[in-house]
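**Q** First the structure, which I've put down as structure tokens, then a few questions once you've had a look.
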Amino acid sequence: MLPIDAAAHSSRWRRRHPVDKAVLGLGLTVLAISLPPWPGAALVLVTALVVLLGPAGVPGRRLWRAYRVPLGFCVTGALPLLVQVGGPGGFLTLAESGPVRAGELLLRTSAASLGVLLFAFTTPMSDLLPRLVKAGVPAPVVDVALVTYRMSFLLLDSVRRIREAQAARLGHTTRAATWRSLAGLGAIAFVRAFDRAARLQTGLAGRGYDGTLRVLVPEARVSVRFVCAGLALLAAVAALTFVLERPLT
Amino acid sequence: MHIAEGFLPPAHAIAWGVASAPFVVHGVRSLTREVREHPESTLLLGASGAFTFVLSALKLPSVTGSCSHPTGTGLGAILFRPPIMAVLGTITLLFQALLLAHGGLTTLGANVFSMAIAGPWAGYGIYRLLRRYDVPLMVTVFFGAFVADLVTYCVTSVQLALAFPDPSSGFLGALGKFGSIFAVTQIPLAVSEGLLTVLVMRLLVQSSKGELTRLGVLLSGRRNRTETEAVAR
């Protein structure tokens, strides 16, 4: 299992309905991209961090390990905003408004990422996917997504073990050997995926498979109180942004 | 080449979502029809999605000394066709956003457009074009994967340049900036992905001829035998 999903399965909010968490987590993400970056995104960032480390009970180390990935992408993506092409100073010069634009972008992306992480760290995929049918996603697509999700872990585990075996046989000692090993890894993943699907098909056919995958979904109800509290928090963040915006700018 | 969460302004995020929607809806309809006619396809398509997800987790050695990962869009489009790839790509990108924190939900439309639509369609177009002129299978596979990767990178650069035009030279200047920064890693990566895809396809032709024929990648009959023999040689 991947670290974020494993954390979601043992989350304090695991038994809550995904809608409860979506309102809060994805609501914070929407606020992060729609409010002015300063102070809006900064407030969203602080709020998301407090909720993640406080009520949601996500361990700080786990959060940092997941958070540093998008943070790296954000920093790389913000670098081009520091320079401008053409103009009186030369072909490539430092942009006057570059640091402000890059800073605003960094604030916005880092706050928005935390909103999504709040949802991801508290909602296992296995709780979310079956409920997408009620949200209007066609059942066959949800079934394919469910099989993809469950088979991904098995395949990732196979790939890890094959890679270890290749390394033990000096499969990564030279560049040529590395390429051969990689190609073998990709091909074996394909063969294993299709072999597993064929065996799964045989097993399901023996159990009267009619094209619908029935899975048990943990019982959960949308909590009106939780949703209202989430909406109130979002409204408070938005209101505080507009109050603070004028004196700060 | 994922655009990170919150990177695009709301109007751009919505616009790319709207642009991706017809392709994804078309793919969903193809997939739904396929599953209704052949219920066992659910498992094969799920396996294909898992394969695409795992393929994007393989680490490729890069010329800069670091590691990167293939997009898998070229191989996916050749094996499963672009409409199905639009759906599988969307599912994979959703998983990457929620399970790996790569990409994002507000940028899902933009990422789907570059990685699950533009890349696969361009790669598949080149693959089909070269196949029509009887270019050897492995050459067409290389160019299919190479073009798919390169188009994905170009479309992402356009998306970023539209969102963040250069203060002095506007869209074109920004396109140059984003394009040249990504080119350092993406052009060698596109070549690497092309080569890796050829190596994977060579092994698949030898080990999974049945599946490849069922997917329509290999033709049945004399032409297939000739191709298989050529690959084996």
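Note on naming: chains are A, B, ... as they come in the structure tokens, residues start from 1 per chain, ligands start from 1 in the order shown.
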What are the residues of chain B lining chain A at 6 Å or less? Count only C-alpha atoms, and put the answer as a list in words.

**A**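 Matching residues, ligands excluded from the count: Glu5, Gly6, Phe7, Thr32, Pro39, Thr42, Leu43, Leu44, Gly46, Ala47, Gly49, Ala50, Leu98, Leu99, Asp166, Ser168, Gly173, Leu196, Leu199, Val200 and Leu204 of chain B.
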
**Q** Looking only at alpha helix (DSSP H) from DSSP on the backbone, list the matching residues of stretch 12-236 of chain A as number ranges by chain.

**A** A: 18-34, 42-53, 60-78, 98-120, 125-128, 139-168, 175-205, 224-236

**Q** What is the atom CA of A:Gly54-atom CA of B:Leu8 distance in Å, reported with one decimal?

**A**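 Computing the Euclidean distance for atom CA of A:Gly54 and atom CA of B:Leu8 yields 29.0 Å.
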
**Q** Could you jot down the atom CA of A:Pro36 to atom CA of B:Phe178 separation for me, Å, one decimal place?

**A**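 The value is 24.4 Å.
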
**Q** To test your reading of the structure, identify every residue in stretch 78-235 of chain A that backbone DSSP assigns to strand (DSSP E), and report it as a VMD selection string.

**A** chain A and resid 83 to 85 92 to 94

**Q** Would you pick out the contacts of B:Ser157 at 7 Å or less, using only C-alpha atoms, so that residues sharing its chain but fewer than 4 positions from it are not included, and give the list as number ranges by chain?

**A** B: 153, 161, 175, 178-179

**Q** Have a look at atom CA of B:Ile117 and atom CA of B:Ser20 and let me know their distance in Å, one decimal.

**A**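 Separating atom CA of B:Ile117 from atom CA of B:Ser20 is a distance of 7.5 Å.
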
**Q** Which residues come within 10 Å of stretch 221-228 of chain A, counting only C-alpha atoms, excluding same-chain residues fewer than 4 positions away, as a ChimeraX atom specification?

**A** /A:15-24,232-234

**Q** How would the residues just picked look written out with C-alpha atoms as a tab-separated table (two decimals), in the first residue's frame?

**A**
```
chain	number	residue	atom	x	y	z
A	15	ARG	CA	-15.20	6.43	9.44
A	16	ARG	CA	-16.46	9.81	8.31
A	17	HIS	CA	-18.31	10.04	5.00
A	18	PRO	CA	-16.07	11.22	2.10
A	19	VAL	CA	-18.46	14.15	1.48
A	20	ASP	CA	-17.69	15.51	4.98
A	21	LYS	CA	-13.96	15.54	4.23
A	22	ALA	CA	-14.35	16.70	0.63
A	23	VAL	CA	-16.24	19.81	1.73
A	24	LEU	CA	-13.42	20.79	4.07
A	232	ALA	CA	-18.27	27.89	8.64
A	233	LEU	CA	-14.47	27.50	8.76
A	234	LEU	CA	-14.23	28.16	5.01
```

**Q** Just want the 8 Å neighbourhood of A:Pro39, counted on only C-alpha atoms, with same-chain residues fewer than 4 positions away dropped. Output as number ranges by chain.

**A** A: 43, 241, 244-245, 248

**Q** Find the residue from A:Ala56, A:Ala135, A:Ala176, A:Leu129 that sits nearest to B:Phe95; use only C-alpha atoms when measuring.

**A**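 Going through A:Ala56, A:Ala135, A:Ala176, A:Leu129 one by one, the smallest distance to B:Phe95 is for A:Leu129.
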